[in-house]
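Enquirer: Sharing data09.csv here; it has CSV, C-alpha atoms (C1' of nucleotides).
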chain,number,residue,atom,x,y,z
A,23,MET,CA,104.7,105.2,81.3
A,24,PRO,CA,105.0,104.0,77.7
A,25,ASP,CA,103.5,100.5,78.3
A,26,GLU,CA,99.9,100.7,79.6
A,27,PRO,CA,98.4,97.3,79.1
A,28,ALA,CA,95.3,98.3,77.2
A,29,ASP,CA,92.2,96.2,77.3
A,30,PRO,CA,92.0,93.7,74.4
A,31,PHE,CA,88.3,93.7,74.5
A,32,ARG,CA,88.3,97.4,74.0
A,33,ALA,CA,90.7,96.8,71.1
A,34,ILE,CA,88.3,94.5,69.3
A,35,ALA,CA,85.3,96.7,70.0
A,36,ASP,CA,86.1,98.7,66.9
A,37,PRO,CA,84.9,97.1,63.5
A,38,THR,CA,87.9,98.5,61.7
A,39,ARG,CA,90.3,96.8,64.1
A,40,ARG,CA,88.4,93.5,63.8
A,41,ARG,CA,88.7,93.8,60.1
A,42,ILE,CA,92.4,94.4,60.4
A,43,LEU,CA,92.8,91.3,62.5
A,44,GLU,CA,90.9,89.3,59.9
A,45,LEU,CA,93.1,90.6,57.1
A,46,LEU,CA,96.2,89.7,59.2
A,47,MET,CA,94.9,86.2,59.6
A,48,GLU,CA,94.5,85.7,55.9
A,49,ARG,CA,97.8,87.2,54.9
A,50,ARG,CA,100.3,87.7,57.6
A,51,GLY,CA,103.1,90.2,57.3
A,52,LEU,CA,101.1,93.1,55.8
A,53,THR,CA,102.4,96.6,55.9
A,54,VAL,CA,100.6,99.7,57.0
A,55,GLY,CA,100.2,100.7,53.4
A,56,GLU,CA,98.8,97.4,52.3
A,57,LEU,CA,96.3,97.4,55.1
A,58,ALA,CA,95.4,101.0,54.5
A,59,ALA,CA,94.6,100.1,50.9
A,60,GLU,CA,91.7,98.0,52.2
A,61,PHE,CA,90.2,101.0,53.9
A,62,PRO,CA,89.7,103.6,51.2
A,63,GLU,CA,87.6,105.7,53.5
A,64,LEU,CA,90.4,106.1,56.1
A,65,VAL,CA,93.6,107.9,56.1
A,66,THR,CA,96.9,106.1,56.6
A,67,SER,CA,97.6,107.6,59.9
A,68,GLY,CA,94.3,106.3,61.1
A,69,ILE,CA,95.3,102.8,60.3
A,70,SER,CA,98.5,103.4,62.1
A,71,LYS,CA,96.7,104.5,65.2
A,72,HIS,CA,94.5,101.4,65.1
A,73,LEU,CA,97.6,99.2,64.7
A,74,MET,CA,99.1,100.9,67.7
A,75,THR,CA,96.0,100.2,69.7
A,76,LEU,CA,96.2,96.5,68.7
A,77,ARG,CA,99.8,96.4,69.6
A,78,ALA,CA,99.2,98.0,73.0
A,79,ALA,CA,96.6,95.3,73.6
A,80,GLY,CA,99.1,92.7,72.7
A,81,LEU,CA,97.2,91.3,69.7
A,82,VAL,CA,99.6,92.1,66.9
A,83,VAL,CA,103.3,92.6,66.6
A,84,ALA,CA,105.4,94.6,64.1
A,85,VAL,CA,108.6,93.5,62.5
A,86,LYS,CA,110.8,96.1,60.8
A,87,ALA,CA,112.0,95.2,57.4
A,88,GLY,CA,113.7,98.1,55.6
A,89,ARG,CA,111.5,101.1,55.6
A,90,HIS,CA,108.4,98.9,55.7
A,91,GLN,CA,107.0,97.4,58.8
A,92,HIS,CA,105.3,94.0,58.6
A,93,TYR,CA,102.4,93.4,61.0
A,94,ARG,CA,101.3,90.0,62.1
A,95,ILE,CA,99.0,88.6,64.7
A,96,ASP,CA,100.5,87.8,68.1
A,97,ASP,CA,99.2,84.3,68.5
A,98,GLY,CA,100.2,84.0,72.1
A,99,GLY,CA,98.8,87.4,72.9
A,100,LEU,CA,95.5,86.7,71.3
A,101,ASP,CA,95.3,83.5,73.2
A,102,ALA,CA,96.3,85.2,76.5
A,103,ALA,CA,93.7,87.9,75.9
A,104,PHE,CA,90.7,85.8,74.9
A,105,GLY,CA,91.6,82.2,75.7
A,106,THR,CA,90.4,82.2,79.2
A,107,TRP,CA,87.2,84.1,78.4
A,108,ILE,CA,86.4,82.0,75.4
A,109,SER,CA,86.9,78.7,77.2
A,110,ARG,CA,84.7,79.8,80.1
A,111,TYR,CA,82.0,80.8,77.7
A,112,GLU,CA,82.4,77.6,75.7
A,113,SER,CA,81.8,75.5,78.7
A,114,TYR,CA,78.7,77.6,79.4
A,115,TRP,CA,77.6,77.2,75.8
A,116,ALA,CA,78.1,73.5,75.9
A,117,ASN,CA,75.4,73.4,78.5
A,118,ALA,CA,73.2,76.1,77.0
A,119,LEU,CA,73.4,74.7,73.5
A,120,ASP,CA,72.6,71.2,74.8
A,121,LYS,CA,69.4,72.6,76.3
A,122,LEU,CA,68.7,74.5,73.0
A,123,HIS,CA,69.2,71.3,71.1
A,124,ASP,CA,66.9,69.3,73.4
A,125,ALA,CA,64.3,72.0,73.0
A,126,ALA,CA,64.7,71.9,69.2
A,127,THR,CA,64.5,68.2,68.9
A,128,ALA,CA,61.5,68.1,71.2
A,129,ASP,CA,59.8,70.7,69.2
A,130,ARG,CA,60.7,70.6,65.6
A,131,SER,CA,58.5,73.6,64.7
A,132,ALA,CA,60.9,76.1,66.2
A,133,PRO,CA,64.2,75.5,64.3
A,134,ASP,CA,65.9,78.9,64.4
A,135,ASN,CA,66.8,79.2,68.0
A,136,ALA,CA,70.4,78.7,67.0
A,137,ARG,CA,71.3,80.1,63.7
A,138,ARG,CA,74.6,78.7,62.5
A,139,THR,CA,75.8,75.4,63.8
B,11,MET,CA,63.5,103.6,66.3
B,12,PRO,CA,63.4,101.5,69.4
B,13,ASP,CA,65.5,98.6,68.0
B,14,GLU,CA,68.9,99.6,66.9
B,15,PRO,CA,71.0,96.5,66.6
B,16,ALA,CA,74.0,97.6,68.8
B,17,ASP,CA,77.4,96.0,68.3
B,18,PRO,CA,77.8,93.0,70.7
B,19,PHE,CA,81.6,93.5,70.7
B,20,ARG,CA,81.1,97.1,71.9
B,21,ALA,CA,78.8,95.7,74.6
B,22,ILE,CA,81.5,93.4,76.0
B,23,ALA,CA,84.2,96.1,75.7
B,24,ASP,CA,83.1,97.4,79.1
B,25,PRO,CA,84.5,95.5,82.1
B,26,THR,CA,81.3,96.1,84.1
B,27,ARG,CA,79.2,94.5,81.4
B,28,ARG,CA,81.5,91.5,81.2
B,29,ARG,CA,81.2,91.1,84.9
B,30,ILE,CA,77.4,91.2,84.6
B,31,LEU,CA,77.5,88.5,82.0
B,32,GLU,CA,79.7,86.4,84.3
B,33,LEU,CA,77.3,86.8,87.2
B,34,LEU,CA,74.4,85.9,84.9
B,35,MET,CA,76.2,82.7,83.9
B,36,GLU,CA,76.7,81.7,87.5
B,37,ARG,CA,73.2,82.5,88.7
B,38,ARG,CA,70.6,83.2,86.0
B,39,GLY,CA,67.5,85.2,86.8
B,40,LEU,CA,69.1,88.0,88.7
B,41,THR,CA,67.3,91.2,89.2
B,42,VAL,CA,68.7,94.6,88.7
B,43,GLY,CA,68.9,95.1,92.5
B,44,GLU,CA,70.8,91.8,93.0
B,45,LEU,CA,73.2,92.7,90.2
B,46,ALA,CA,73.6,96.3,91.6
B,47,ALA,CA,74.6,94.8,94.9
B,48,GLU,CA,77.7,93.4,93.3
B,49,PHE,CA,78.8,96.8,92.2
B,50,PRO,CA,79.0,99.0,95.3
B,51,GLU,CA,80.7,101.8,93.4
B,52,LEU,CA,77.9,102.1,91.0
B,53,VAL,CA,74.4,103.5,91.2
B,54,THR,CA,71.5,101.3,90.3
B,55,SER,CA,70.5,103.3,87.3
B,56,GLY,CA,74.0,102.7,85.9
B,57,ILE,CA,73.5,99.0,86.1
B,58,SER,CA,70.2,99.4,84.4
B,59,LYS,CA,71.8,101.3,81.6
B,60,HIS,CA,74.4,98.6,81.2
B,61,LEU,CA,71.6,96.0,81.1
B,62,MET,CA,69.8,97.9,78.4
B,63,THR,CA,73.0,98.0,76.4
B,64,LEU,CA,73.4,94.2,76.8
B,65,ARG,CA,69.8,93.8,75.8
B,66,ALA,CA,70.2,96.0,72.8
B,67,ALA,CA,73.1,93.8,71.8
B,68,GLY,CA,71.0,90.7,72.1
B,69,LEU,CA,73.1,89.2,74.8
B,70,VAL,CA,70.6,89.2,77.7
B,71,VAL,CA,66.9,89.0,78.0
B,72,ALA,CA,64.6,90.2,80.8
B,73,VAL,CA,61.5,88.5,82.1
B,74,LYS,CA,59.1,90.5,84.1
B,75,ALA,CA,58.0,88.9,87.4
B,76,GLY,CA,55.8,91.1,89.5
B,77,ARG,CA,57.7,94.3,90.0
B,78,HIS,CA,61.0,92.6,89.7
B,79,GLN,CA,62.7,91.9,86.4
B,80,HIS,CA,64.8,88.8,86.0
B,81,TYR,CA,67.7,89.0,83.6
B,82,ARG,CA,69.3,86.0,82.0
B,83,ILE,CA,71.7,85.4,79.2
B,84,ASP,CA,70.3,85.0,75.8
B,85,ASP,CA,72.1,81.8,74.7
B,86,GLY,CA,71.1,82.0,71.1
B,87,GLY,CA,72.0,85.7,71.0
B,88,LEU,CA,75.4,85.1,72.5
B,89,ASP,CA,76.1,82.4,70.0
B,90,ALA,CA,74.8,84.5,67.1
B,91,ALA,CA,76.9,87.4,68.2
B,92,PHE,CA,80.2,85.6,68.8
B,93,GLY,CA,79.9,82.1,67.5
B,94,THR,CA,81.1,82.9,64.0
B,95,TRP,CA,83.9,85.1,65.2
B,96,ILE,CA,85.1,82.6,67.8
B,97,SER,CA,85.0,79.6,65.5
B,98,ARG,CA,86.9,81.4,62.8
B,99,TYR,CA,89.6,82.4,65.3
B,100,GLU,CA,89.6,78.9,66.8
B,101,SER,CA,90.5,77.3,63.4
B,102,TYR,CA,93.1,80.0,63.1
B,103,TRP,CA,94.4,79.2,66.6
B,104,ALA,CA,94.5,75.5,65.9
B,105,ASN,CA,97.0,76.3,63.1
B,106,ALA,CA,98.8,79.1,64.9
B,107,LEU,CA,99.2,77.2,68.1
B,108,ASP,CA,100.5,74.2,66.2
B,109,LYS,CA,103.2,76.4,64.8
B,110,LEU,CA,104.0,77.8,68.2
B,111,HIS,CA,104.3,74.3,69.5
B,112,ASP,CA,106.5,73.3,66.6
B,113,ALA,CA,108.7,76.3,67.2
B,114,ALA,CA,108.8,75.6,70.9
B,115,THR,CA,109.9,72.0,70.5
B,116,ALA,CA,112.3,72.9,67.7
B,117,ASP,CA,113.9,75.6,69.7
B,118,ARG,CA,113.8,74.9,73.5
B,119,SER,CA,115.7,78.1,74.3
B,120,ALA,CA,112.8,80.5,73.5
B,121,PRO,CA,110.0,79.4,75.8
B,122,ASP,CA,108.1,82.6,76.4
B,123,ASN,CA,106.3,83.1,73.1
B,124,ALA,CA,103.1,82.1,74.7
B,125,ARG,CA,102.4,83.4,78.2
B,126,ARG,CA,99.7,81.4,79.9
B,127,THR,CA,99.1,77.8,79.1
C,15,DT,C1',124.2,114.4,49.7
C,16,DC,C1',119.7,115.0,48.8
C,17,DA,C1',115.1,114.0,47.5
C,18,DA,C1',111.4,110.8,47.8
C,19,DC,C1',109.1,107.4,50.4
C,20,DG,C1',106.9,104.9,54.5
C,21,DC,C1',105.5,105.1,58.7
C,22,DC,C1',105.1,107.2,63.4
C,23,DT,C1',103.9,110.9,66.3
C,24,DT,C1',101.6,114.8,67.8
C,25,DA,C1',98.1,118.2,68.0
C,26,DC,C1',93.4,119.0,67.4
C,27,DC,C1',88.3,118.3,66.8
C,28,DA,C1',83.7,116.0,67.0
C,29,DT,C1',81.2,112.4,68.7
C,30,DG,C1',79.9,108.8,71.8
C,31,DA,C1',80.2,106.3,76.1
C,32,DG,C1',80.0,105.8,81.1
C,33,DG,C1',78.5,107.9,85.1
C,34,DT,C1',75.1,110.4,88.4
C,35,DA,C1',70.8,112.7,89.8
C,36,DA,C1',66.1,113.3,89.3
C,37,DT,C1',61.7,112.0,87.5
C,38,DG,C1',58.2,108.7,85.8
C,39,DC,C1',55.6,104.5,86.0
C,40,DA,C1',54.0,100.1,87.3
C,41,DT,C1',53.4,97.0,91.1
C,42,DT,C1',52.9,95.7,95.9
C,43,DA,C1',51.8,96.6,100.7
C,44,DC,C1',49.2,99.0,104.1
D,15,DG,C1',43.2,105.1,98.1
D,16,DT,C1',47.9,106.0,99.5
D,17,DA,C1',52.6,105.1,100.3
D,18,DA,C1',56.5,102.6,99.2
D,19,DT,C1',59.1,99.7,96.3
D,20,DG,C1',61.8,98.4,91.9
D,21,DC,C1',63.2,99.6,87.7
D,22,DA,C1',63.2,102.5,83.5
D,23,DT,C1',64.0,106.8,81.5
D,24,DT,C1',65.6,111.3,80.9
D,25,DA,C1',68.8,115.1,81.2
D,26,DC,C1',73.2,116.4,82.0
D,27,DC,C1',78.4,116.2,82.6
D,28,DT,C1',83.0,114.5,81.8
D,29,DC,C1',86.2,111.9,79.6
D,30,DA,C1',87.7,108.5,76.1
D,31,DT,C1',87.6,107.4,71.4
D,32,DG,C1',87.9,107.7,66.3
D,33,DG,C1',89.0,110.6,62.9
D,34,DT,C1',92.0,114.1,60.2
D,35,DA,C1',96.0,117.1,59.2
D,36,DA,C1',100.6,118.2,59.6
D,37,DG,C1',105.3,117.5,60.9
D,38,DG,C1',109.3,114.3,62.2
D,39,DC,C1',112.4,110.6,61.4
D,40,DG,C1',114.7,106.8,59.5
D,41,DT,C1',115.3,104.3,55.0
D,42,DT,C1',116.0,103.9,50.1
D,43,DG,C1',117.7,105.2,45.6
D,44,DA,C1',119.9,108.5,42.5
What would you get if you wrote out this structure as structure tokens?
Expert:
Amino acid sequence: MPDEPADPFRAIADPTRRRILELLMERRGLTVGELAAEFPELVTSGISKHLMTLRAAGLVVAVKAGRHQHYRIDDGGLDAAFGTWISRYESYWANALDKLHDAATADRSAPDNARRT
Amino acid sequence: MPDEPADPFRAIADPTRRRILELLMERRGLTVGELAAEFPELVTSGISKHLMTLRAAGLVVAVKAGRHQHYRIDDGGLDAAFGTWISRYESYWANALDKLHDAATADRSAPDNARRT
DNA sequence: TCAACGCCTTACCATGAGGTAATGCATTAC
DNA sequence: GTAATGCATTACCTCATGGTAAGGCGTTGA
């Protein structure tokens, strides 16, 4: 079986893979070598393995171009993987953060319940 | 060292822990026993370990009440853990999905770029 | 054609994570 | 006080994961 689905949540559990996704969001179409250059402490084949994990999770796709291979984020895959989860949590947050906001405005002396707005 | 930060992304990588979070969103204040009842295939101490992982990641908090212990989601912690990441990806999605939409309307014959809508 | 390049693939290893079982420790009930 | 309950903690096992090293294969350029 070449095509096991692979859990996207497990894919983003690794900091290196999250960093790869960030890099691919900033500059799409990066090659393995260009990505590997951002991780001096890792060997190229390690990056390749991470990319395969991301591909197996449906988060990135690769396009062959000559002897290079350009990776970019699979927008649809990313949405399919996390869209449902995020929207569910967002509706939860909408309620939860409302309550936090109420508490914060009611009591101005405890401002750091929610860092980052 | 009792307080190692613990990566929240690693915490939600496990399906059991994601399920626990969902349950705590539906009914807050569940005890370990009540949660364990939802996982017949697991032993109670396993659930306890998962809860400790979620606590270490700052995603849930426990409130002692008699000899029970009520767990609930740490709203601020959840936001601190994922808020930044999600908002960044959302702004990306806003662009990316726009492009998908453009591509879909421009070329009606390639409809399955985005599964799930 | 042949060598160099770029990436993938395949062992292989060390570490960490998920699971169970057993023990410890409060708290409640008798 | 004693027993039972509810959960935490510890020890232990197994398997998955992240990492390296080495070899394979297609592509490019001379």
Enquirer: Smallest atom-to-atom distance to chain B: which of D:DG20, D:DG33, D:DG38, D:DG15, using all atoms listed in the file?
Expert: D:DG20
Enquirer: Counting only C-alpha atoms (C1' of nucleotides), what are the residues of chain C within 8 Å of chain B, and for each of them which pair of atoms is the nearest and at what distance in Å, to one decimal? Sort the table by chain and rising number, as a Markdown table.
Expert:
| residue | atom | partner | partner_atom | distance |
| --- | --- | --- | --- | --- |
| C:DG33 | C1' | B:Gly56 | CA | 6.9 |
| C:DT34 | C1' | B:Val53 | CA | 7.5 |
| C:DA40 | C1' | B:Arg77 | CA | 7.4 |
| C:DT41 | C1' | B:Arg77 | CA | 5.2 |
| C:DT42 | C1' | B:Arg77 | CA | 7.7 |
Enquirer: Quick one: distance from atom CA of B:Gly87 to atom CA of B:Arg27 in Å, one decimal?
Expert: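 Between atom CA of B:Gly87 and atom CA of B:Arg27 the gap works out to 15.4 Å.
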Enquirer: List the neighbours of D:DA30 out to 10 Å using all atoms listed in the file; skip same-chain residues closer than 6 positions along the sequence, and give me the result as a PyMOL selection string.
Expert: chain C and resi 30-32
Enquirer: Store the residues picked out above in a file with C-alpha atoms (C1' of nucleotides), as a compact mmCIF listing (two decimals), in the coordinates of the input.
Expert:
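As written to disk, again19.txt reads:
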# COMPACT_ATOMS: atom_id res chain seq x y z
C1' DG C 30 79.90 108.80 71.80
C1' DA C 31 80.20 106.30 76.10
C1' DG C 32 80.00 105.80 81.10
Enquirer: Identify which of the residues D:DG43, D:DC29, D:DT34, D:DA18 lies closest to chain A, counting all atoms listed in the file when measuring atom-to-atom distances.
Expert: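 Comparing D:DG43, D:DC29, D:DT34, D:DA18 against chain A, the winner is D:DT34.
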Enquirer: For chain B, work out the contacting residues on chain D at 9 Å, counting only C-alpha atoms (C1' of nucleotides), and write them as a list in words.
Expert: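 Using only C-alpha atoms (C1' of nucleotides), chain D residues at most 9 Å from chain B: DT19, DG20, DC21 and DA22 of chain D.
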Enquirer: Deliver the residues from the most recent selection as a file, using C-alpha atoms (C1' of nucleotides), as an mmCIF file, keeping the file's coordinate frame.
Expert:
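Result written to selection_1.cif:
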data_model
loop_
_atom_site.group_PDB
_atom_site.id
_atom_site.type_symbol
_atom_site.label_atom_id
_atom_site.label_comp_id
_atom_site.auth_asym_id
_atom_site.auth_seq_id
_atom_site.Cartn_x
_atom_site.Cartn_y
_atom_site.Cartn_z
ATOM 1 C "C1'" DT D 19 59.100 99.700 96.300
ATOM 2 C "C1'" DG D 20 61.800 98.400 91.900
ATOM 3 C "C1'" DC D 21 63.200 99.600 87.700
ATOM 4 C "C1'" DA D 22 63.200 102.500 83.500
#
Enquirer: To one decimal in Å, tell me the separation between atom CA of A:His92 and atom CA of B:Asn105.
Expert: 20.1 Å
Enquirer: Enter the distance from atom C1' of D:DT41 to atom C1' of C:DC19, in Å, rounded to one decimal.
Expert: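 If I compute the distance from atom C1' of D:DT41 to atom C1' of C:DC19, I get 8.3 Å.
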Enquirer: Sort by chain and increasing residue number a table of all residues of chain B within 6 Å of chain A, each with its closest pair of atoms and their distance in Å to one decimal, counting only C-alpha atoms, and write it as JSON lines.
Expert:
{"residue": "B:Phe19", "atom": "CA", "partner": "A:Ala35", "partner_atom": "CA", "distance": 4.9}
{"residue": "B:Arg20", "atom": "CA", "partner": "A:Ala35", "partner_atom": "CA", "distance": 4.6}
{"residue": "B:Ala23", "atom": "CA", "partner": "A:Arg32", "partner_atom": "CA", "distance": 4.6}
{"residue": "B:Gly86", "atom": "CA", "partner": "A:Ala136", "partner_atom": "CA", "distance": 5.3}
{"residue": "B:Ala124", "atom": "CA", "partner": "A:Gly98", "partner_atom": "CA", "distance": 4.3}
Enquirer: Report as a PDB file with C-alpha atoms (C1' of nucleotides), in the frame of the given file all protein, DNA and RNA residues lying within 12 Å of stretch 25-28 of chain C, evaluated on all atoms listed in the file, omitting residues in the same chain fewer than 5 positions from it.
Expert:
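selection32.pdb, freshly written:
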ATOM      1  C1'  DT D  31      87.600 107.400  71.400  1.00  0.00           C
ATOM      2  C1'  DG D  32      87.900 107.700  66.300  1.00  0.00           C
ATOM      3  C1'  DG D  33      89.000 110.600  62.900  1.00  0.00           C
ATOM      4  C1'  DT D  34      92.000 114.100  60.200  1.00  0.00           C
ATOM      5  C1'  DA D  35      96.000 117.100  59.200  1.00  0.00           C
ATOM      6  C1'  DA D  36     100.600 118.200  59.600  1.00  0.00           C
ATOM      7  C1'  DG D  37     105.300 117.500  60.900  1.00  0.00           C
TER       8       DG D  37
END
Enquirer: For a quick check of understanding, using all atoms listed in the file, which of A:Arg49, A:Ile42, A:Ala87, A:Glu56 has the smallest distance to A:Leu73?
Expert: A:Ile42
